[in-house]
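Student: What follows is start_18.pdb, PDB, C-alpha atoms and all ligand atoms.
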```pdb
ATOM      1  CA  MET X   1      22.417 109.159 165.520
ATOM      2  CA  SER X   2      22.170 105.388 165.244
ATOM      3  CA  GLU X   3      24.070 103.411 162.644
ATOM      4  CA  GLY X   4      22.036 101.989 159.769
ATOM      5  CA  PRO X   5      21.035  98.334 159.774
ATOM      6  CA  ILE X   6      23.727  95.812 158.874
ATOM      7  CA  LYS X   7      21.703  94.818 155.818
ATOM      8  CA  ALA X   8      19.605  97.685 154.562
ATOM      9  CA  PRO X   9      16.663  96.758 152.366
ATOM     10  CA  VAL X  10      17.119  96.575 148.621
ATOM     11  CA  ILE X  11      14.579  98.665 146.714
ATOM     12  CA  ALA X  12      14.052  97.159 143.261
ATOM     13  CA  VAL X  13      12.825  99.906 140.952
ATOM     14  CA  VAL X  14      10.835  98.376 138.090
ATOM     15  CA  GLY X  15       8.428  99.419 135.386
ATOM     16  CA  PRO X  16       8.147  99.851 131.650
ATOM     17  CA  SER X  17      10.799 101.430 129.493
ATOM     18  CA  GLY X  18      10.663 105.216 129.733
ATOM     19  CA  VAL X  19       8.577 105.276 132.920
ATOM     20  CA  GLY X  20      11.373 107.082 134.734
ATOM     21  CA  LYS X  21      13.144 104.407 136.791
ATOM     22  CA  ASP X  22      16.615 105.937 136.494
ATOM     23  CA  SER X  23      15.325 109.487 136.917
ATOM     24  CA  VAL X  24      13.373 108.595 140.070
ATOM     25  CA  MET X  25      16.324 106.655 141.516
ATOM     26  CA  ALA X  26      18.712 109.567 140.936
ATOM     27  CA  ALA X  27      16.247 112.072 142.412
ATOM     28  CA  LEU X  28      15.689 109.898 145.503
ATOM     29  CA  ALA X  29      19.446 109.543 146.067
ATOM     30  CA  ALA X  30      19.854 113.309 145.666
ATOM     31  CA  ARG X  31      17.154 113.888 148.332
ATOM     32  CA  ASP X  32      18.705 111.436 150.821
ATOM     33  CA  PRO X  33      22.344 110.352 150.403
ATOM     34  CA  ARG X  34      21.644 107.286 152.598
ATOM     35  CA  LEU X  35      19.522 105.985 149.740
ATOM     36  CA  ARG X  36      22.410 104.507 147.762
ATOM     37  CA  LEU X  37      22.428 103.685 144.052
ATOM     38  CA  GLN X  38      23.751 100.329 142.842
ATOM     39  CA  ARG X  39      25.467 100.757 139.482
ATOM     40  CA  ARG X  40      24.838  98.010 136.885
ATOM     41  CA  VAL X  41      27.143  96.286 134.412
ATOM     42  CA  ILE X  42      25.541  96.277 130.944
ATOM     43  CA  THR X  43      26.688  95.118 127.493
ATOM     44  CA  ARG X  44      25.932  98.600 126.125
ATOM     45  CA  PRO X  45      28.410 101.313 125.118
ATOM     46  CA  GLU X  46      28.815 103.832 127.951
ATOM     47  CA  GLU X  47      28.418 106.681 125.434
ATOM     48  CA  ALA X  48      24.734 105.641 125.188
ATOM     49  CA  GLY X  49      24.141 107.806 128.260
ATOM     50  CA  GLY X  50      21.149 107.674 130.604
ATOM     51  CA  GLU X  51      21.930 105.982 133.910
ATOM     52  CA  VAL X  52      25.486 105.721 135.205
ATOM     53  CA  PHE X  53      26.552 102.155 134.397
ATOM     54  CA  THR X  54      29.631 100.100 133.559
ATOM     55  CA  GLY X  55      29.615  99.191 129.859
ATOM     56  CA  VAL X  56      31.381  95.952 128.885
ATOM     57  CA  THR X  57      31.611  93.654 125.860
ATOM     58  CA  PRO X  58      29.601  90.395 125.840
ATOM     59  CA  GLU X  59      32.894  88.508 126.280
ATOM     60  CA  THR X  60      33.835  90.511 129.376
ATOM     61  CA  PHE X  61      30.318  90.108 130.754
ATOM     62  CA  ALA X  62      30.503  86.316 130.329
ATOM     63  CA  ARG X  63      33.921  86.264 132.023
ATOM     64  CA  MET X  64      32.620  88.344 134.940
ATOM     65  CA  ALA X  65      29.560  86.109 135.340
ATOM     66  CA  ALA X  66      31.730  82.962 135.327
ATOM     67  CA  ALA X  67      34.023  84.531 137.942
ATOM     68  CA  GLY X  68      31.074  85.204 140.282
ATOM     69  CA  ALA X  69      31.172  88.987 139.906
ATOM     70  CA  PHE X  70      27.369  89.256 139.859
ATOM     71  CA  ALA X  71      24.798  88.733 142.597
ATOM     72  CA  LEU X  72      22.180  88.598 139.852
ATOM     73  CA  HIS X  73      22.194  88.834 136.078
ATOM     74  CA  TRP X  74      19.685  88.605 133.230
ATOM     75  CA  GLN X  75      19.080  89.395 129.585
ATOM     76  CA  ALA X  76      16.585  91.815 128.046
ATOM     77  CA  HIS X  77      16.384  94.044 124.961
ATOM     78  CA  GLY X  78      19.246  91.998 123.452
ATOM     79  CA  LEU X  79      21.542  93.139 126.278
ATOM     80  CA  SER X  80      22.994  91.469 129.372
ATOM     81  CA  TYR X  81      22.612  93.190 132.746
ATOM     82  CA  GLY X  82      24.509  92.322 135.941
ATOM     83  CA  ILE X  83      24.220  93.478 139.546
ATOM     84  CA  PRO X  84      27.745  93.369 141.005
ATOM     85  CA  VAL X  85      28.278  91.530 144.308
ATOM     86  CA  GLU X  86      29.343  94.935 145.714
ATOM     87  CA  ILE X  87      25.642  95.433 146.437
ATOM     88  CA  TYR X  88      26.164  93.418 149.624
ATOM     89  CA  ASP X  89      28.752  95.976 150.862
ATOM     90  CA  LEU X  90      26.549  98.891 149.842
ATOM     91  CA  ARG X  91      23.756  97.572 152.078
ATOM     92  CA  ARG X  92      25.915  98.114 155.171
ATOM     93  CA  GLY X  93      25.120 101.448 156.735
ATOM     94  CA  ALA X  94      22.742 102.587 153.991
ATOM     95  CA  ARG X  95      19.090 103.425 154.590
ATOM     96  CA  ALA X  96      18.301 101.362 151.485
ATOM     97  CA  VAL X  97      19.984 100.435 148.209
ATOM     98  CA  LEU X  98      18.153 101.320 145.015
ATOM     99  CA  VAL X  99      18.629  99.144 141.966
ATOM    100  CA  ASN X 100      16.951  99.032 138.553
ATOM    101  CA  LEU X 101      15.801  95.444 137.898
ATOM    102  CA  SER X 102      13.804  93.523 135.303
ATOM    103  CA  ARG X 103      10.329  92.575 136.513
ATOM    104  CA  ALA X 104      11.249  89.030 135.429
ATOM    105  CA  VAL X 105      13.943  88.625 138.128
ATOM    106  CA  LEU X 106      12.026  89.964 141.140
ATOM    107  CA  GLY X 107      11.241  86.505 142.552
ATOM    108  CA  VAL X 108      14.905  85.531 142.406
ATOM    109  CA  ALA X 109      15.902  88.910 143.860
ATOM    110  CA  GLN X 110      13.517  88.493 146.804
ATOM    111  CA  GLY X 111      15.055  85.087 147.577
ATOM    112  CA  LEU X 112      18.566  86.487 147.225
ATOM    113  CA  PHE X 113      18.268  89.753 149.138
ATOM    114  CA  GLY X 114      15.531  88.757 151.619
ATOM    115  CA  ASP X 115      14.582  92.289 152.553
ATOM    116  CA  LEU X 116      13.295  93.446 149.155
ATOM    117  CA  ILE X 117      10.885  96.288 148.516
ATOM    118  CA  VAL X 118       9.571  96.553 144.954
ATOM    119  CA  LEU X 119       8.975 100.111 143.775
ATOM    120  CA  SER X 120       6.736  99.626 140.745
ATOM    121  CA  LEU X 121       6.510 102.806 138.652
ATOM    122  CA  THR X 122       3.683 103.363 136.212
ATOM    123  CA  ALA X 123       2.798 106.052 133.671
ATOM    124  CA  ASP X 124       0.130 106.551 131.031
ATOM    125  CA  SER X 125       1.012 104.883 127.706
ATOM    126  CA  ASP X 126       1.186 108.153 125.727
ATOM    127  CA  VAL X 127       3.536 109.548 128.374
ATOM    128  CA  LEU X 128       5.766 106.477 128.032
ATOM    129  CA  ALA X 129       6.035 106.850 124.256
ATOM    130  CA  ASP X 130       6.850 110.567 124.531
ATOM    131  CA  ARG X 131       9.482 110.004 127.195
ATOM    132  CA  LEU X 132      11.188 107.197 125.294
ATOM    133  CA  ALA X 133      11.348 109.369 122.174
ATOM    134  CA  GLY X 134      12.539 112.346 124.249
ATOM    135  CA  ARG X 135      15.330 110.307 125.840
ATOM    136  CA  GLY X 136      16.639 109.533 122.354
ATOM    137  CA  ARG X 137      18.780 106.526 123.343
ATOM    138  CA  GLU X 138      17.015 103.971 121.113
ATOM    139  CA  ASP X 139      15.923 103.997 117.469
ATOM    140  CA  ALA X 140      12.225 103.764 116.483
ATOM    141  CA  GLY X 141      12.252  99.954 116.122
ATOM    142  CA  ASP X 142      13.844  99.430 119.525
ATOM    143  CA  ARG X 143      11.428 101.921 121.107
ATOM    144  CA  ALA X 144       8.442 100.033 119.638
ATOM    145  CA  ARG X 145       9.770  96.714 120.993
ATOM    146  CA  ARG X 146      10.268  98.275 124.442
ATOM    147  CA  LEU X 147       6.717  99.667 124.435
ATOM    148  CA  GLN X 148       5.378  96.175 123.669
ATOM    149  CA  ARG X 149       6.780  95.000 127.021
ATOM    150  CA  ALA X 150       5.168  97.900 128.861
ATOM    151  CA  SER X 151       2.345  95.904 130.400
ATOM    152  CA  ALA X 152       4.442  92.957 131.615
ATOM    153  CA  PRO X 153       2.961  91.896 134.981
ATOM    154  CA  LEU X 154       4.822  91.622 138.268
ATOM    155  CA  PRO X 155       5.438  88.028 139.370
ATOM    156  CA  GLU X 156       3.288  86.445 142.091
ATOM    157  CA  GLY X 157       4.517  86.133 145.660
ATOM    158  CA  LEU X 158       6.231  89.491 146.185
ATOM    159  CA  ARG X 159       5.969  90.478 149.856
ATOM    160  CA  ARG X 160       6.346  94.260 149.634
ATOM    161  CA  VAL X 161       5.238  96.238 146.598
ATOM    162  CA  ILE X 162       4.794 100.007 146.427
ATOM    163  CA  GLU X 163       3.152 101.233 143.208
ATOM    164  CA  VAL X 164       3.606 104.894 142.304
ATOM    165  CA  ASP X 165       2.395 106.758 139.218
ATOM    166  CA  ASN X 166       5.217 108.806 137.628
ATOM    167  CA  SER X 167       3.028 110.428 134.951
ATOM    168  CA  GLY X 168       3.317 113.775 136.746
ATOM    169  CA  PRO X 169       6.337 115.832 137.839
ATOM    170  CA  LEU X 170       9.391 114.005 139.184
ATOM    171  CA  ALA X 171       9.336 116.007 142.434
ATOM    172  CA  THR X 172       5.795 114.775 143.160
ATOM    173  CA  THR X 173       6.851 111.176 142.572
ATOM    174  CA  VAL X 174       9.838 111.554 144.912
ATOM    175  CA  GLU X 175       7.668 112.945 147.733
ATOM    176  CA  THR X 176       5.105 110.178 147.230
ATOM    177  CA  VAL X 177       7.784 107.471 147.335
ATOM    178  CA  LEU X 178       9.352 108.910 150.512
ATOM    179  CA  THR X 179       5.930 109.048 152.197
ATOM    180  CA  ARG X 180       5.095 105.516 151.107
ATOM    181  CA  LEU X 181       8.447 104.210 152.415
ATOM    182  CA  GLN X 182       7.804 105.527 155.944
ATOM    183  CA  PRO X 183       5.217 102.920 156.967
ATOM    184  CA  GLU X 184       7.698 100.380 155.631
ATOM    185  CA  SER X 185      10.187 101.615 158.284
ATOM    186  CA  VAL X 186      12.734 102.525 155.643
TER     187      VAL X 186
HETATM  188  N1  LIG T 201       8.295 112.603 136.113
HETATM  189  C1  LIG T 201       8.888 112.908 134.945
HETATM  190  N2  LIG T 201       8.500 114.013 134.268
HETATM  191  C2  LIG T 201       9.062 114.319 133.068
HETATM  192  N3  LIG T 201      10.021 113.621 132.464
HETATM  193  C3  LIG T 201      10.470 112.515 133.085
HETATM  194  C4  LIG T 201       9.934 112.096 134.356
HETATM  195  N4  LIG T 201      10.548 110.954 134.727
HETATM  196  C5  LIG T 201      11.439 110.672 133.735
HETATM  197  N5  LIG T 201      11.384 111.590 132.756
HETATM  198  C6  LIG T 201      12.155 111.609 131.484
HETATM  199  O1  LIG T 201      11.696 110.487 130.726
HETATM  200  C7  LIG T 201      12.766 109.861 130.026
HETATM  201  C8  LIG T 201      12.858 108.397 130.469
HETATM  202  O2  LIG T 201      13.260 108.375 131.838
HETATM  203  P1  LIG T 201      14.254 107.251 132.385
HETATM  204  O3  LIG T 201      14.575 107.623 133.788
HETATM  205  O4  LIG T 201      15.368 107.013 131.433
HETATM  206  O5  LIG T 201      13.245 105.986 132.360
HETATM  207  P2  LIG T 201      13.535 104.434 132.507
HETATM  208  O6  LIG T 201      14.838 104.293 133.281
HETATM  209  O7  LIG T 201      12.370 103.900 133.264
HETATM  210  O8  LIG T 201      13.574 103.890 131.123
HETATM  211  C9  LIG T 201      14.029 110.671 130.348
HETATM  212  O9  LIG T 201      14.250 111.573 129.292
HETATM  213  C10 LIG T 201      13.659 111.411 131.638
HETATM  214  O10 LIG T 201      14.322 112.637 131.748
HETATM  215  O1  LIG T 202      11.621  92.783 132.171
HETATM  216  P1  LIG T 202      11.335  94.260 132.202
HETATM  217  O2  LIG T 202      10.783  94.712 133.527
HETATM  218  O3  LIG T 202      10.554  94.750 131.023
HETATM  219  O4  LIG T 202      12.767  94.957 132.128
HETATM  220  C1  LIG T 202      13.620  94.671 131.055
HETATM  221  C2  LIG T 202      14.834  95.549 131.140
HETATM  222  O5  LIG T 202      14.413  96.903 130.906
HETATM  223  C3  LIG T 202      15.121  97.738 131.786
HETATM  224  O6  LIG T 202      16.383  97.956 131.202
HETATM  225  P2  LIG T 202      16.921  99.385 130.805
HETATM  226  O7  LIG T 202      17.030 100.199 132.050
HETATM  227  O8  LIG T 202      18.152  99.206 129.999
HETATM  228  O9  LIG T 202      15.833  99.927 129.832
HETATM  229  P3  LIG T 202      14.813 101.140 130.030
HETATM  230  O10 LIG T 202      15.629 102.300 130.579
HETATM  231  O11 LIG T 202      14.327 101.409 128.640
HETATM  232  O12 LIG T 202      13.754 100.654 130.965
HETATM  233  C4  LIG T 202      15.189  96.894 133.038
HETATM  234  O13 LIG T 202      16.200  97.341 133.889
HETATM  235  C5  LIG T 202      15.499  95.525 132.503
HETATM  236  O14 LIG T 202      16.877  95.310 132.354
END
```
With the file now loaded, output its structure as structure tokens.
Tutor:
Amino acid sequence: MSEGPIKAPVIAVVGPSGVGKDSVMAALAARDPRLRLQRRVITRPEEAGGEVFTGVTPETFARMAAAGAFALHWQAHGLSYGIPVEIYDLRRGARAVLVNLSRAVLGVAQGLFGDLIVLSLTADSDVLADRLAGRGREDAGDRARRLQRASAPLPEGLRRVIEVDNSGPLATTVETVLTRLQPESV
């Protein structure tokens, strides 16, 4: 079997709050271990649950950013999010590296990573509201603010975008994504 490419593509998983980004990423990695997950650093308590992430204080986050610990970082929902520079190591030998990004940083990410595939997940608006409530991580006010961002557009100029509806079962989404990645040679 051949070794993976030196720099596997980065798959940026994006979409509105509650659409299923973290669930789809975890299910894809479980289907194919060469689809690696990049853990994020977030100024959120780790007890909040959901995705596996590194929770830090705003002070620690600022120190890490100043020390060059992040390939990319941004703010949203009153939180700071960072993608550790370890993502460059993870790309070696992987089939692809999956990472949950803000739609707002995709242009920067494409410039930074070069080989970027955007996996844009969608779901019907009533499904989004139900899933956010079901996840139970945010209070009602925070959920309403997240739903207001649901229709944020993707930036112009993205070279490779795969849009997949995750309104149905997770297993269906995973199969669709894997099929759609094949013509992309991933
Ligand atoms: N295809 C799906 N079918 C049913 N429930 C789902 C599906 N995808 C995600 N969920 C559930 O919806 C909620 C939000 O999913 P999550 O992965 O946290 O979304 P996001 O990371 O996009 O905010 C979670 O409770 C998750 O278990
Ligand atoms: O600019 P947007 O595309 O709207 O994205 C804003 C933020 O929302 C998501 O965060 P997070 O995973 O913490 O929230 P979510 O699980 O509710 O989507 C995403 O990873 C971004 O950090």
Student: Give me, as JSON lines, the closest atom pair and its distance (Å, one decimal) for every residue of chain X within a cut-off of 10 Å of ligand LIG 201 (chain T), counting all atoms listed in the file, rows sorted by chain and rising number.
Tutor:
```
{"residue": "X:Val13", "atom": "CA", "partner": "T:LIG201", "partner_atom": "O7", "distance": 8.7}
{"residue": "X:Val14", "atom": "CA", "partner": "T:LIG201", "partner_atom": "O7", "distance": 7.5}
{"residue": "X:Gly15", "atom": "CA", "partner": "T:LIG201", "partner_atom": "O7", "distance": 6.3}
{"residue": "X:Pro16", "atom": "CA", "partner": "T:LIG201", "partner_atom": "O7", "distance": 6.1}
{"residue": "X:Ser17", "atom": "CA", "partner": "T:LIG201", "partner_atom": "O8", "distance": 4.1}
{"residue": "X:Gly18", "atom": "CA", "partner": "T:LIG201", "partner_atom": "O8", "distance": 3.5}
{"residue": "X:Val19", "atom": "CA", "partner": "T:LIG201", "partner_atom": "O7", "distance": 4.0}
{"residue": "X:Gly20", "atom": "CA", "partner": "T:LIG201", "partner_atom": "O5", "distance": 3.2}
{"residue": "X:Lys21", "atom": "CA", "partner": "T:LIG201", "partner_atom": "O7", "distance": 3.6}
{"residue": "X:Asp22", "atom": "CA", "partner": "T:LIG201", "partner_atom": "O3", "distance": 3.8}
{"residue": "X:Ser23", "atom": "CA", "partner": "T:LIG201", "partner_atom": "O3", "distance": 3.7}
{"residue": "X:Val24", "atom": "CA", "partner": "T:LIG201", "partner_atom": "O3", "distance": 6.5}
{"residue": "X:Met25", "atom": "CA", "partner": "T:LIG201", "partner_atom": "O3", "distance": 8.0}
{"residue": "X:Ala26", "atom": "CA", "partner": "T:LIG201", "partner_atom": "O3", "distance": 8.5}
{"residue": "X:Ala27", "atom": "CA", "partner": "T:LIG201", "partner_atom": "N4", "distance": 9.6}
{"residue": "X:Gly49", "atom": "CA", "partner": "T:LIG201", "partner_atom": "O4", "distance": 9.4}
{"residue": "X:Gly50", "atom": "CA", "partner": "T:LIG201", "partner_atom": "O4", "distance": 5.9}
{"residue": "X:Glu51", "atom": "CA", "partner": "T:LIG201", "partner_atom": "O4", "distance": 7.1}
{"residue": "X:Asn100", "atom": "CA", "partner": "T:LIG201", "partner_atom": "O6", "distance": 7.7}
{"residue": "X:Leu121", "atom": "CA", "partner": "T:LIG201", "partner_atom": "O7", "distance": 8.0}
{"residue": "X:Thr122", "atom": "CA", "partner": "T:LIG201", "partner_atom": "O7", "distance": 9.2}
{"residue": "X:Ala123", "atom": "CA", "partner": "T:LIG201", "partner_atom": "N1", "distance": 8.9}
{"residue": "X:Val127", "atom": "CA", "partner": "T:LIG201", "partner_atom": "O1", "distance": 8.5}
{"residue": "X:Leu128", "atom": "CA", "partner": "T:LIG201", "partner_atom": "O1", "distance": 7.6}
{"residue": "X:Ala129", "atom": "CA", "partner": "T:LIG201", "partner_atom": "O1", "distance": 9.3}
{"residue": "X:Asp130", "atom": "CA", "partner": "T:LIG201", "partner_atom": "O1", "distance": 7.9}
{"residue": "X:Arg131", "atom": "CA", "partner": "T:LIG201", "partner_atom": "O1", "distance": 4.2}
{"residue": "X:Leu132", "atom": "CA", "partner": "T:LIG201", "partner_atom": "C8", "distance": 5.6}
{"residue": "X:Ala133", "atom": "CA", "partner": "T:LIG201", "partner_atom": "C7", "distance": 8.0}
{"residue": "X:Gly134", "atom": "CA", "partner": "T:LIG201", "partner_atom": "O9", "distance": 5.4}
{"residue": "X:Arg135", "atom": "CA", "partner": "T:LIG201", "partner_atom": "O9", "distance": 3.8}
{"residue": "X:Gly136", "atom": "CA", "partner": "T:LIG201", "partner_atom": "O9", "distance": 7.6}
{"residue": "X:Arg137", "atom": "CA", "partner": "T:LIG201", "partner_atom": "O4", "distance": 8.8}
{"residue": "X:Arg146", "atom": "CA", "partner": "T:LIG201", "partner_atom": "O8", "distance": 9.3}
{"residue": "X:Asp165", "atom": "CA", "partner": "T:LIG201", "partner_atom": "N1", "distance": 8.9}
{"residue": "X:Asn166", "atom": "CA", "partner": "T:LIG201", "partner_atom": "N1", "distance": 5.1}
{"residue": "X:Ser167", "atom": "CA", "partner": "T:LIG201", "partner_atom": "N1", "distance": 5.8}
{"residue": "X:Gly168", "atom": "CA", "partner": "T:LIG201", "partner_atom": "N1", "distance": 5.2}
{"residue": "X:Pro169", "atom": "CA", "partner": "T:LIG201", "partner_atom": "N1", "distance": 4.2}
{"residue": "X:Leu170", "atom": "CA", "partner": "T:LIG201", "partner_atom": "N1", "distance": 3.5}
{"residue": "X:Ala171", "atom": "CA", "partner": "T:LIG201", "partner_atom": "N1", "distance": 7.3}
{"residue": "X:Thr172", "atom": "CA", "partner": "T:LIG201", "partner_atom": "N1", "distance": 7.8}
{"residue": "X:Thr173", "atom": "CA", "partner": "T:LIG201", "partner_atom": "N1", "distance": 6.8}
{"residue": "X:Val174", "atom": "CA", "partner": "T:LIG201", "partner_atom": "N1", "distance": 9.0}
```
Student: Please, could you write that set of residues out with C-alpha atoms as a PDB file, in the coordinates of the input?
Tutor:
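Written output follows (selection-v8.pdb):
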```pdb
ATOM      1  CA  VAL X  13      12.825  99.906 140.952  1.00  0.00           C
ATOM      2  CA  VAL X  14      10.835  98.376 138.090  1.00  0.00           C
ATOM      3  CA  GLY X  15       8.428  99.419 135.386  1.00  0.00           C
ATOM      4  CA  PRO X  16       8.147  99.851 131.650  1.00  0.00           C
ATOM      5  CA  SER X  17      10.799 101.430 129.493  1.00  0.00           C
ATOM      6  CA  GLY X  18      10.663 105.216 129.733  1.00  0.00           C
ATOM      7  CA  VAL X  19       8.577 105.276 132.920  1.00  0.00           C
ATOM      8  CA  GLY X  20      11.373 107.082 134.734  1.00  0.00           C
ATOM      9  CA  LYS X  21      13.144 104.407 136.791  1.00  0.00           C
ATOM     10  CA  ASP X  22      16.615 105.937 136.494  1.00  0.00           C
ATOM     11  CA  SER X  23      15.325 109.487 136.917  1.00  0.00           C
ATOM     12  CA  VAL X  24      13.373 108.595 140.070  1.00  0.00           C
ATOM     13  CA  MET X  25      16.324 106.655 141.516  1.00  0.00           C
ATOM     14  CA  ALA X  26      18.712 109.567 140.936  1.00  0.00           C
ATOM     15  CA  ALA X  27      16.247 112.072 142.412  1.00  0.00           C
ATOM     16  CA  GLY X  49      24.141 107.806 128.260  1.00  0.00           C
ATOM     17  CA  GLY X  50      21.149 107.674 130.604  1.00  0.00           C
ATOM     18  CA  GLU X  51      21.930 105.982 133.910  1.00  0.00           C
ATOM     19  CA  ASN X 100      16.951  99.032 138.553  1.00  0.00           C
ATOM     20  CA  LEU X 121       6.510 102.806 138.652  1.00  0.00           C
ATOM     21  CA  THR X 122       3.683 103.363 136.212  1.00  0.00           C
ATOM     22  CA  ALA X 123       2.798 106.052 133.671  1.00  0.00           C
ATOM     23  CA  VAL X 127       3.536 109.548 128.374  1.00  0.00           C
ATOM     24  CA  LEU X 128       5.766 106.477 128.032  1.00  0.00           C
ATOM     25  CA  ALA X 129       6.035 106.850 124.256  1.00  0.00           C
ATOM     26  CA  ASP X 130       6.850 110.567 124.531  1.00  0.00           C
ATOM     27  CA  ARG X 131       9.482 110.004 127.195  1.00  0.00           C
ATOM     28  CA  LEU X 132      11.188 107.197 125.294  1.00  0.00           C
ATOM     29  CA  ALA X 133      11.348 109.369 122.174  1.00  0.00           C
ATOM     30  CA  GLY X 134      12.539 112.346 124.249  1.00  0.00           C
ATOM     31  CA  ARG X 135      15.330 110.307 125.840  1.00  0.00           C
ATOM     32  CA  GLY X 136      16.639 109.533 122.354  1.00  0.00           C
ATOM     33  CA  ARG X 137      18.780 106.526 123.343  1.00  0.00           C
ATOM     34  CA  ARG X 146      10.268  98.275 124.442  1.00  0.00           C
ATOM     35  CA  ASP X 165       2.395 106.758 139.218  1.00  0.00           C
ATOM     36  CA  ASN X 166       5.217 108.806 137.628  1.00  0.00           C
ATOM     37  CA  SER X 167       3.028 110.428 134.951  1.00  0.00           C
ATOM     38  CA  GLY X 168       3.317 113.775 136.746  1.00  0.00           C
ATOM     39  CA  PRO X 169       6.337 115.832 137.839  1.00  0.00           C
ATOM     40  CA  LEU X 170       9.391 114.005 139.184  1.00  0.00           C
ATOM     41  CA  ALA X 171       9.336 116.007 142.434  1.00  0.00           C
ATOM     42  CA  THR X 172       5.795 114.775 143.160  1.00  0.00           C
ATOM     43  CA  THR X 173       6.851 111.176 142.572  1.00  0.00           C
ATOM     44  CA  VAL X 174       9.838 111.554 144.912  1.00  0.00           C
TER      45      VAL X 174
END
```
Student: Could you put an axis-aligned box around every listed atom of ligand LIG 202 (chain T), padded by 3 Å on each side, and send me its centre and edge lengths in Å to one decimal, as JSON?
Tutor:
```
{"center_x": 14.4, "center_y": 97.5, "center_z": 131.3, "size_x": 13.6, "size_y": 15.5, "size_z": 11.2}
```
Student: Which residue out of X:Val56, X:Ile11, X:Ala152, X:Ala30 has the minimum interatomic distance to ligand LIG 202 (chain T) when all atoms listed in the file are used?
Tutor: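 Checking each of X:Val56, X:Ile11, X:Ala152, X:Ala30 against ligand LIG 202 (chain T), counting all atoms listed in the file, the winner is X:Ala152.
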Student: Would you mind reading off the distance between atom CA of Val52 of chain X and atom CA of Ser125 of chain X, one decimal, in Å?
Tutor: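 Between atom CA of Val52 of chain X and atom CA of Ser125 of chain X the gap is 25.6 Å.
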Student: To one decimal place in Å, what is the distance between atom CA of Leu28 of chain X and atom CA of Leu98 of chain X?
Tutor: 8.9 Å
Student: Find the spatial neighbours of segment 81-90 of chain X, counting all atoms listed in the file, within a cut-off of 9 Å - ignore same-chain residues fewer than 2 positions away - and output them as a JSON list (two decimals) with C-alpha atoms, keeping the file's coordinate frame.
Tutor:
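What follows is the written file part_9.json:
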```
[["chain", "number", "residue", "atom", "x", "y", "z"],
["X", 7, "LYS", "CA", 21.70, 94.82, 155.82],
["X", 8, "ALA", "CA", 19.60, 97.68, 154.56],
["X", 10, "VAL", "CA", 17.12, 96.58, 148.62],
["X", 36, "ARG", "CA", 22.41, 104.51, 147.76],
["X", 37, "LEU", "CA", 22.43, 103.68, 144.05],
["X", 38, "GLN", "CA", 23.75, 100.33, 142.84],
["X", 39, "ARG", "CA", 25.47, 100.76, 139.48],
["X", 40, "ARG", "CA", 24.84, 98.01, 136.88],
["X", 41, "VAL", "CA", 27.14, 96.29, 134.41],
["X", 42, "ILE", "CA", 25.54, 96.28, 130.94],
["X", 43, "THR", "CA", 26.69, 95.12, 127.49],
["X", 61, "PHE", "CA", 30.32, 90.11, 130.75],
["X", 65, "ALA", "CA", 29.56, 86.11, 135.34],
["X", 68, "GLY", "CA", 31.07, 85.20, 140.28],
["X", 69, "ALA", "CA", 31.17, 88.99, 139.91],
["X", 70, "PHE", "CA", 27.37, 89.26, 139.86],
["X", 71, "ALA", "CA", 24.80, 88.73, 142.60],
["X", 72, "LEU", "CA", 22.18, 88.60, 139.85],
["X", 73, "HIS", "CA", 22.19, 88.83, 136.08],
["X", 74, "TRP", "CA", 19.68, 88.60, 133.23],
["X", 75, "GLN", "CA", 19.08, 89.40, 129.58],
["X", 76, "ALA", "CA", 16.58, 91.82, 128.05],
["X", 79, "LEU", "CA", 21.54, 93.14, 126.28],
["X", 92, "ARG", "CA", 25.92, 98.11, 155.17],
["X", 93, "GLY", "CA", 25.12, 101.45, 156.74],
["X", 94, "ALA", "CA", 22.74, 102.59, 153.99],
["X", 96, "ALA", "CA", 18.30, 101.36, 151.49],
["X", 97, "VAL", "CA", 19.98, 100.44, 148.21],
["X", 99, "VAL", "CA", 18.63, 99.14, 141.97],
["X", 101, "LEU", "CA", 15.80, 95.44, 137.90],
["X", 113, "PHE", "CA", 18.27, 89.75, 149.14]]
```
Student: Atom CA of Ala12 of chain X and atom CA of Ser102 of chain X, how far apart in Å?
Tutor: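 Atom-to-atom, atom CA of Ser102 of chain X and atom CA of Ala12 of chain X are spaced 8.8 Å apart.
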Student: Just checking: using only C-alpha atoms, which residue out of X:Val118, X:Leu147, X:Ile6, X:Met64 ends up closest to Leu181 of chain X?
Tutor: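 Comparing X:Val118, X:Leu147, X:Ile6, X:Met64 against Leu181 of chain X, the winner is X:Val118.
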Student: Selection in question (the file shown): the PyMOL selection byres (((chain X and resi 161) around 8) and not hetatm). Which residues does it include, as a list of chain:residue names?
Tutor: X:Ile117, X:Val118, X:Leu119, X:Ser120, X:Leu158, X:Arg159, X:Arg160, X:Ile162, X:Glu163
Student: Considering all atoms listed in the file, state which residue in the set X:Arg91, X:Arg34, X:Arg149, X:Arg63 is at the smallest distance from ligand LIG 202 (chain T).
Tutor: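 The shortest atom-to-atom distance to ligand LIG 202 (chain T) comes from X:Arg149.
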Student: For each of X:Gly78, X:Pro58, X:Gly114, X:Pro183, take the minimum atom-to-atom distance to ligand LIG 202 (chain T), counting only C-alpha atoms and all ligand atoms, then give the residue where this is smallest.
Tutor: X:Gly78
Student: Which is closer to ligand LIG 202 (chain T) than all the others in X:Asp32, X:Arg103, X:Ala62, X:Ala48, using all atoms listed in the file?
Tutor: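 Looking only at the distances to ligand LIG 202 (chain T), the closest residue turns out to be X:Arg103.
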Student: May I ask which of the residues X:Arg95, X:Arg143, X:Arg31, X:Arg180 is the closest one to ligand LIG 202 (chain T), counting all atoms listed in the file?
Tutor: X:Arg143
